[in-house]
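*Asks:* Dropping in target22.cif, which is mmCIF, C-alpha atoms:
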```
data_my_file
#
loop_
_atom_site.group_PDB
_atom_site.id
_atom_site.type_symbol
_atom_site.label_atom_id
_atom_site.label_comp_id
_atom_site.auth_asym_id
_atom_site.auth_seq_id
_atom_site.Cartn_x
_atom_site.Cartn_y
_atom_site.Cartn_z
ATOM 1 C CA GLY A 1 103.502 108.603 109.307
ATOM 2 C CA ALA A 2 100.540 106.418 108.588
ATOM 3 C CA VAL A 3 99.565 103.809 111.159
ATOM 4 C CA VAL A 4 98.435 100.252 110.600
ATOM 5 C CA SER A 5 97.121 98.184 113.473
ATOM 6 C CA GLN A 6 96.556 94.472 113.865
ATOM 7 C CA HIS A 7 94.336 92.638 116.261
ATOM 8 C CA PRO A 8 94.988 90.483 118.113
ATOM 9 C CA SER A 9 98.712 90.735 118.667
ATOM 10 C CA TRP A 10 98.851 87.252 120.150
ATOM 11 C CA VAL A 11 96.503 84.308 119.766
ATOM 12 C CA ILE A 12 96.655 80.741 120.987
ATOM 13 C CA CYS A 13 94.065 78.308 119.711
ATOM 14 C CA LYS A 14 93.306 74.626 119.579
ATOM 15 C CA SER A 15 93.915 72.595 116.473
ATOM 16 C CA GLY A 16 90.851 72.564 114.243
ATOM 17 C CA THR A 17 89.516 75.956 115.231
ATOM 18 C CA SER A 18 89.434 79.075 113.074
ATOM 19 C CA VAL A 19 91.181 82.311 113.890
ATOM 20 C CA LYS A 20 90.468 85.757 112.489
ATOM 21 C CA ILE A 21 93.112 88.471 112.344
ATOM 22 C CA GLU A 22 92.207 92.084 111.619
ATOM 23 C CA CYS A 23 94.329 94.658 109.860
ATOM 24 C CA ARG A 24 93.277 98.304 109.972
ATOM 25 C CA SER A 25 94.675 101.440 108.410
ATOM 26 C CA LEU A 26 93.985 104.021 111.084
ATOM 27 C CA ASP A 27 94.460 107.338 109.352
ATOM 28 C CA PHE A 28 94.319 106.646 105.632
ATOM 29 C CA GLN A 29 92.321 104.676 103.148
ATOM 30 C CA ALA A 30 94.053 101.662 101.725
ATOM 31 C CA THR A 31 92.691 100.226 98.523
ATOM 32 C CA THR A 32 95.279 97.478 98.721
ATOM 33 C CA MET A 33 96.501 95.526 101.714
ATOM 34 C CA PHE A 34 98.996 92.703 101.856
ATOM 35 C CA TRP A 35 99.328 89.703 104.125
ATOM 36 C CA TYR A 36 102.720 88.238 104.963
ATOM 37 C CA ARG A 37 103.833 85.271 106.957
ATOM 38 C CA GLN A 38 107.106 84.965 108.788
ATOM 39 C CA PHE A 39 108.606 81.807 110.208
ATOM 40 C CA PRO A 40 111.375 82.088 112.809
ATOM 41 C CA LYS A 41 114.667 83.230 111.325
ATOM 42 C CA GLN A 42 113.130 83.432 107.871
ATOM 43 C CA SER A 43 111.987 86.158 105.537
ATOM 44 C CA LEU A 44 108.565 87.688 105.422
ATOM 45 C CA MET A 45 106.777 85.834 102.657
ATOM 46 C CA LEU A 46 103.888 87.427 100.822
ATOM 47 C CA MET A 47 100.756 85.299 101.128
ATOM 48 C CA ALA A 48 98.182 87.377 99.321
ATOM 49 C CA THR A 49 97.224 90.787 98.041
ATOM 50 C CA SER A 50 93.889 92.080 99.215
ATOM 51 C CA ASN A 51 91.984 94.631 97.155
ATOM 52 C CA GLU A 52 88.990 96.430 98.552
ATOM 53 C CA GLY A 53 85.748 95.109 97.111
ATOM 54 C CA SER A 54 87.290 92.273 95.139
ATOM 55 C CA LYS A 55 88.766 88.847 95.646
ATOM 56 C CA ALA A 56 92.237 88.516 97.049
ATOM 57 C CA THR A 57 95.126 87.396 94.891
ATOM 58 C CA TYR A 58 97.042 84.536 96.467
ATOM 59 C CA GLU A 59 100.668 83.685 95.948
ATOM 60 C CA GLN A 60 101.621 80.320 94.583
ATOM 61 C CA GLY A 61 101.429 77.630 97.198
ATOM 62 C CA VAL A 62 99.054 79.508 99.505
ATOM 63 C CA GLU A 63 95.741 77.724 99.996
ATOM 64 C CA LYS A 64 92.936 80.203 99.456
ATOM 65 C CA ASP A 65 90.417 77.997 101.231
ATOM 66 C CA LYS A 66 92.709 77.771 104.210
ATOM 67 C CA PHE A 67 93.522 81.456 104.464
ATOM 68 C CA LEU A 68 90.374 83.452 103.833
ATOM 69 C CA ILE A 69 90.877 87.130 103.151
ATOM 70 C CA ASN A 70 88.170 89.752 103.204
ATOM 71 C CA HIS A 71 88.735 93.422 102.397
ATOM 72 C CA ALA A 72 85.275 94.808 102.906
ATOM 73 C CA SER A 73 86.209 98.431 103.506
ATOM 74 C CA LEU A 74 88.998 100.850 102.686
ATOM 75 C CA THR A 75 90.382 100.593 106.199
ATOM 76 C CA LEU A 76 89.923 96.944 107.126
ATOM 77 C CA SER A 77 91.163 93.629 105.846
ATOM 78 C CA THR A 78 90.767 90.341 107.685
ATOM 79 C CA LEU A 79 92.663 87.089 107.439
ATOM 80 C CA THR A 80 90.911 83.979 108.724
ATOM 81 C CA VAL A 81 92.971 80.866 109.250
ATOM 82 C CA THR A 82 90.432 78.086 108.932
ATOM 83 C CA SER A 83 90.780 74.745 110.710
ATOM 84 C CA ALA A 84 94.143 75.782 112.053
ATOM 85 C CA HIS A 85 96.847 73.192 112.613
ATOM 86 C CA PRO A 86 100.181 73.430 114.444
ATOM 87 C CA GLU A 87 102.032 73.993 111.166
ATOM 88 C CA ASP A 88 100.025 77.218 110.747
ATOM 89 C CA SER A 89 101.736 78.633 113.810
ATOM 90 C CA SER A 90 103.598 81.660 112.601
ATOM 91 C CA PHE A 91 103.878 85.429 112.689
ATOM 92 C CA TYR A 92 101.385 87.110 110.383
ATOM 93 C CA ILE A 93 102.009 90.690 109.271
ATOM 94 C CA CYS A 94 99.800 92.921 107.182
ATOM 95 C CA SER A 95 100.662 96.049 105.294
ATOM 96 C CA ALA A 96 98.604 98.752 103.664
ATOM 97 C CA ARG A 97 99.512 100.695 100.580
ATOM 98 C CA THR A 98 99.012 104.405 100.266
ATOM 99 C CA PRO A 99 97.731 105.727 96.976
ATOM 100 C CA GLY A 100 100.339 106.897 94.542
ATOM 101 C CA LEU A 101 102.498 105.966 91.636
ATOM 102 C CA ALA A 102 103.254 102.263 91.583
ATOM 103 C CA ASP A 103 106.977 102.767 91.431
ATOM 104 C CA LYS A 104 107.116 105.109 94.357
ATOM 105 C CA GLU A 105 104.544 103.612 96.617
ATOM 106 C CA THR A 106 104.911 103.232 100.285
ATOM 107 C CA GLN A 107 103.582 100.395 102.344
ATOM 108 C CA TYR A 108 102.935 100.737 106.047
ATOM 109 C CA PHE A 109 103.251 97.610 108.096
ATOM 110 C CA GLY A 110 101.259 96.447 111.057
ATOM 111 C CA PRO A 111 102.940 95.143 114.221
ATOM 112 C CA GLY A 112 102.108 91.543 113.432
ATOM 113 C CA THR A 113 100.039 88.786 115.011
ATOM 114 C CA ARG A 114 101.681 85.773 116.528
ATOM 115 C CA LEU A 115 99.570 82.632 116.136
ATOM 116 C CA LEU A 116 100.224 79.489 118.122
ATOM 117 C CA VAL A 117 98.133 76.452 117.341
ATOM 118 C CA LEU A 118 98.208 73.714 119.948
ATOM 119 C CA ALA B 1 114.056 85.196 89.992
ATOM 120 C CA GLN B 2 114.665 87.886 92.546
ATOM 121 C CA SER B 3 115.930 87.293 96.049
ATOM 122 C CA VAL B 4 117.482 89.113 98.955
ATOM 123 C CA THR B 5 120.144 87.745 101.272
ATOM 124 C CA GLN B 6 121.173 89.101 104.629
ATOM 125 C CA PRO B 7 124.215 87.034 105.596
ATOM 126 C CA ASP B 8 124.314 88.068 109.242
ATOM 127 C CA ILE B 9 121.568 86.739 111.511
ATOM 128 C CA HIS B 10 122.873 88.491 114.629
ATOM 129 C CA ILE B 11 125.265 91.395 115.089
ATOM 130 C CA THR B 12 126.435 92.942 118.348
ATOM 131 C CA VAL B 13 128.118 96.334 118.463
ATOM 132 C CA SER B 14 129.061 98.658 121.272
ATOM 133 C CA GLU B 15 127.178 101.874 121.721
ATOM 134 C CA GLY B 16 128.949 104.618 119.828
ATOM 135 C CA ALA B 17 130.625 102.222 117.411
ATOM 136 C CA SER B 18 129.951 102.212 113.707
ATOM 137 C CA LEU B 19 127.580 99.750 112.106
ATOM 138 C CA GLU B 20 127.277 98.064 108.740
ATOM 139 C CA LEU B 21 124.535 95.576 107.941
ATOM 140 C CA ARG B 22 124.972 93.600 104.770
ATOM 141 C CA CYS B 23 122.384 93.024 102.087
ATOM 142 C CA ASN B 24 122.858 91.282 98.752
ATOM 143 C CA TYR B 25 120.234 90.955 96.090
ATOM 144 C CA SER B 26 119.654 88.968 92.958
ATOM 145 C CA TYR B 27 117.735 90.734 90.210
ATOM 146 C CA GLY B 28 118.174 91.213 86.506
ATOM 147 C CA ALA B 29 117.475 94.914 86.240
ATOM 148 C CA THR B 30 117.896 97.990 88.409
ATOM 149 C CA PRO B 31 116.212 97.089 91.668
ATOM 150 C CA TYR B 32 114.077 99.113 93.991
ATOM 151 C CA LEU B 33 115.667 98.490 97.391
ATOM 152 C CA PHE B 34 114.502 99.230 100.883
ATOM 153 C CA TRP B 35 115.660 98.935 104.460
ATOM 154 C CA TYR B 36 113.109 98.479 107.228
ATOM 155 C CA VAL B 37 113.536 98.256 110.995
ATOM 156 C CA GLN B 38 111.308 96.313 113.352
ATOM 157 C CA SER B 39 111.307 96.762 117.104
ATOM 158 C CA PRO B 40 109.579 94.168 119.297
ATOM 159 C CA GLY B 41 105.827 94.512 119.101
ATOM 160 C CA GLN B 42 106.107 97.174 116.417
ATOM 161 C CA GLY B 43 105.447 97.226 112.719
ATOM 162 C CA LEU B 44 108.180 97.532 110.146
ATOM 163 C CA GLN B 45 109.347 101.117 109.814
ATOM 164 C CA LEU B 46 110.909 102.361 106.601
ATOM 165 C CA LEU B 47 114.467 103.618 107.086
ATOM 166 C CA LEU B 48 115.337 104.450 103.501
ATOM 167 C CA LYS B 49 114.818 103.397 99.919
ATOM 168 C CA TYR B 50 116.665 103.453 96.624
ATOM 169 C CA PHE B 51 115.000 103.773 93.236
ATOM 170 C CA SER B 52 117.587 105.430 91.028
ATOM 171 C CA GLY B 53 120.083 108.275 90.937
ATOM 172 C CA ASP B 54 122.581 108.880 93.690
ATOM 173 C CA THR B 55 123.799 105.537 94.958
ATOM 174 C CA LEU B 56 124.277 106.813 98.493
ATOM 175 C CA VAL B 57 120.903 107.155 100.133
ATOM 176 C CA GLN B 58 120.228 108.969 103.365
ATOM 177 C CA GLY B 59 117.497 107.800 105.674
ATOM 178 C CA ILE B 60 115.977 108.499 109.022
ATOM 179 C CA LYS B 61 117.694 108.125 112.397
ATOM 180 C CA GLY B 62 121.123 108.796 110.891
ATOM 181 C CA PHE B 63 121.181 105.714 108.668
ATOM 182 C CA GLU B 64 122.487 105.592 105.142
ATOM 183 C CA ALA B 65 122.869 102.878 102.544
ATOM 184 C CA GLU B 66 124.958 102.555 99.433
ATOM 185 C CA PHE B 67 123.808 100.795 96.290
ATOM 186 C CA LYS B 68 126.658 98.986 94.551
ATOM 187 C CA ARG B 69 125.551 97.386 91.331
ATOM 188 C CA SER B 70 128.881 95.640 90.739
ATOM 189 C CA GLN B 71 128.550 93.843 94.058
ATOM 190 C CA SER B 72 124.762 93.470 94.012
ATOM 191 C CA SER B 73 124.748 94.989 97.446
ATOM 192 C CA PHE B 74 122.809 97.579 99.412
ATOM 193 C CA ASN B 75 124.523 97.736 102.796
ATOM 194 C CA LEU B 76 123.114 99.808 105.623
ATOM 195 C CA ARG B 77 125.460 101.949 107.689
ATOM 196 C CA LYS B 78 125.414 104.199 110.698
ATOM 197 C CA PRO B 79 128.524 106.001 112.006
ATOM 198 C CA SER B 80 127.600 105.847 115.690
ATOM 199 C CA VAL B 81 125.077 103.399 117.076
ATOM 200 C CA HIS B 82 122.718 104.286 119.909
ATOM 201 C CA TRP B 83 121.192 101.823 122.340
ATOM 202 C CA SER B 84 117.773 102.595 120.850
ATOM 203 C CA ASP B 85 118.944 101.169 117.518
ATOM 204 C CA ALA B 86 118.709 97.636 118.917
ATOM 205 C CA ALA B 87 116.090 95.981 116.703
ATOM 206 C CA GLU B 88 115.734 93.715 113.721
ATOM 207 C CA TYR B 89 116.579 95.080 110.300
ATOM 208 C CA PHE B 90 115.172 93.874 107.020
ATOM 209 C CA CYS B 91 116.428 94.547 103.534
ATOM 210 C CA ALA B 92 113.843 94.249 100.786
ATOM 211 C CA LEU B 93 113.581 94.370 97.019
ATOM 212 C CA TYR B 94 110.412 95.624 95.383
ATOM 213 C CA ASN B 95 109.304 94.334 92.005
ATOM 214 C CA PHE B 96 105.907 94.198 90.304
ATOM 215 C CA ASN B 97 103.915 95.201 93.354
ATOM 216 C CA LYS B 98 105.655 92.716 95.630
ATOM 217 C CA PHE B 99 108.273 92.942 98.309
ATOM 218 C CA TYR B 100 110.940 90.299 98.626
ATOM 219 C CA PHE B 101 112.475 90.410 102.077
ATOM 220 C CA GLY B 102 115.739 89.163 103.451
ATOM 221 C CA SER B 103 115.624 87.023 106.559
ATOM 222 C CA GLY B 104 116.621 89.921 108.773
ATOM 223 C CA THR B 105 119.563 90.864 110.965
ATOM 224 C CA LYS B 106 119.055 91.251 114.672
ATOM 225 C CA LEU B 107 121.156 94.051 116.106
ATOM 226 C CA ASN B 108 122.209 94.041 119.747
ATOM 227 C CA VAL B 109 123.865 97.111 121.230
ATOM 228 C CA LYS B 110 126.253 96.740 124.155
ATOM 229 C CA PRO B 111 126.445 99.580 126.676
#
```
Before anything else, please render the file you have as structure tokens.
*Replies:*
Amino acid sequence: GAVVSQHPSWVICKSGTSVKIECRSLDFQATTMFWYRQFPKQSLMLMATSNEGSKATYEQGVEKDKFLINHASLTLSTLTVTSAHPEDSSFYICSARTPGLADKETQYFGPGTRLLVL
Amino acid sequence: AQSVTQPDIHITVSEGASLELRCNYSYGATPYLFWYVQSPGQGLQLLLKYFSGDTLVQGIKGFEAEFKRSQSSFNLRKPSVHWSDAAEYFCALYNFNKFYFGSGTKLNVKP
């Protein structure tokens, strides 16, 4: 099946710094990528939908200036957590959608990036 | 509003025993339902999905799930669990280009 990678898998940073997370579709072109956030013992929550060449669509309650998303190519989307604070510590997962009919699409998920803000 | 509930946070079964992971959903119409598995350090892998038709869905690795509209459930089953099945399992509902995930069930397998 299709492979999605994320880098880094683990990041620890100081409060106030910015962190960039990369999501790559390795063997297919993804016009749409998704960013999720998962707190311990909770569901994956969709943060934003990233479309190649256009602005991301953010879910209600997600600060677009805090979580910058760039989808500059068909195989790469980046999530930048700006001025990170301890409450941003979480597990961030991306997924990439393969082309196809909307009701039978398949999303491939990356392995996730664990962010710890000190 | 749609939602997915996985009532069991942790489940432990013995290797070779049968398994059933529960999933309940809330949605007004016929849902698109999925089961994913996540091993440590790995991405979510699709086990099976239900869109319509036969309510018993077969997936990979010997898993199956049954859609029961009357109970708003989509429970995952496997007749004989292997040690390699130890992982976290997520049930999800798909609607309007979005996935709504349950909180996951962590499966431990005893030798």
*Asks:* Starting from the displayed file, determine the output of the PyMOL selection byres ((chain A) within 8 of (chain B)) and express the residue list as a list in words.
*Replies:*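 Residues picked by the PyMOL selection byres ((chain A) within 8 of (chain B)): Val4, Lys41, Gln42, Ser43, Leu44, Met45, Leu46, Ala102, Tyr108, Phe109, Gly110, Pro111 and Gly112 of chain A.
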*Asks:* Could you pull the residues within 9 Å of Thr57 of chain A, counting all atoms listed in the file, minus those fewer than 3 positions along the same chain, as a list in words?
*Replies:* Met47, Ala48, Thr49, Ser50, Asn51 and Lys64 of chain A
*Asks:* Would you list the contacts of segment 86-100 of chain A as a PyMOL selection string, taking every protein, DNA or RNA residue within 9 Å and counting all atoms listed in the file, but skipping same-chain residues closer than 4 positions in sequence?
*Replies:* (chain A and resi 2+4-6+14-15+21-25+28-40+44+75+77+81+104-118) or (chain B and resi 43)
*Asks:* As an exercise, work out the distance from atom CA of Ala86 of chain B to atom CA of Pro31 of chain B in Å and give it to one decimal place.
*Replies:*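 Pair atom CA of Ala86 of chain B / atom CA of Pro31 of chain B returns 27.4 Å.
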*Asks:* Applying the PyMOL selection byres ((chain A and resi 79) around 6) to the file I just gave you, which residues come out? Please list them as a list in words.
*Replies:*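 When the PyMOL selection byres ((chain A and resi 79) around 6) is applied, the selected residues are Lys20, Ile21, Leu68, Ile69, Thr78 and Thr80 of chain A.
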*Asks:* Find the distance between atom CA of Ala84 of chain A and atom CA of Gly16 of chain A and write it in Å to one decimal.
*Replies:*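 Computing it gives 5.1 Å between the two atoms.
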*Asks:* Env of Ala1 of chain B: 9 Å cut, atoms = all atoms listed in the file, seq-sep filter 6 positions within chain, self excluded. Answer as a PDB file with C-alpha atoms, keeping the file's coordinate frame.
*Replies:*
```pdb
ATOM      1  CA  SER B  26     119.654  88.968  92.958  1.00  0.00           C
ATOM      2  CA  TYR B  27     117.735  90.734  90.210  1.00  0.00           C
ATOM      3  CA  GLY B  28     118.174  91.213  86.506  1.00  0.00           C
TER       4      GLY B  28
END
```
*Asks:* If I take atom CA of Ala65 of chain B and atom CA of Val13 of chain B, how far is one from the other in Å, to one decimal?
*Replies:*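 Calculated distance between atom CA of Ala65 of chain B and atom CA of Val13 of chain B is 18.0 Å.
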*Asks:* Quick one: of B:Lys68, B:His82, B:His10, B:Arg77, who's nearest to Leu48 of chain B, counting all atoms listed in the file?
*Replies:*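 Of all the options, B:Arg77 lies closest to Leu48 of chain B.
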*Asks:* The PyMOL selection byres ((chain B and resi 109) around 9) - which residues does that actually catch in the file I just gave you? List them as a PyMOL selection string.
*Replies:* chain B and resi 11-15+81-86+107-108+110-111
*Asks:* Pick out the residues sitting within 9 Å of Ser54 of chain A, and hand them over as number ranges by chain; count only C-alpha atoms, and ignore anything fewer than 2 positions along from it in its own chain.
*Replies:* A: 50-52, 56, 70-72
*Asks:* Give me the residues within 6 Å of segment 69-75 of chain B as a list in words, counting all atoms listed in the file and dropping any in the same chain fewer than 5 places off.
*Replies:*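 My reading of the contact set: Leu21, Arg22, Cys23, Asn24 and Tyr25 of chain B.
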*Asks:* Would you be able to write out as a VMD selection string which residues have an atom within 7 Å of (128.3, 100.5, 108.1) in the file's coordinates, counting only C-alpha atoms?
*Replies:* chain B and resid 18 to 21 76 to 79
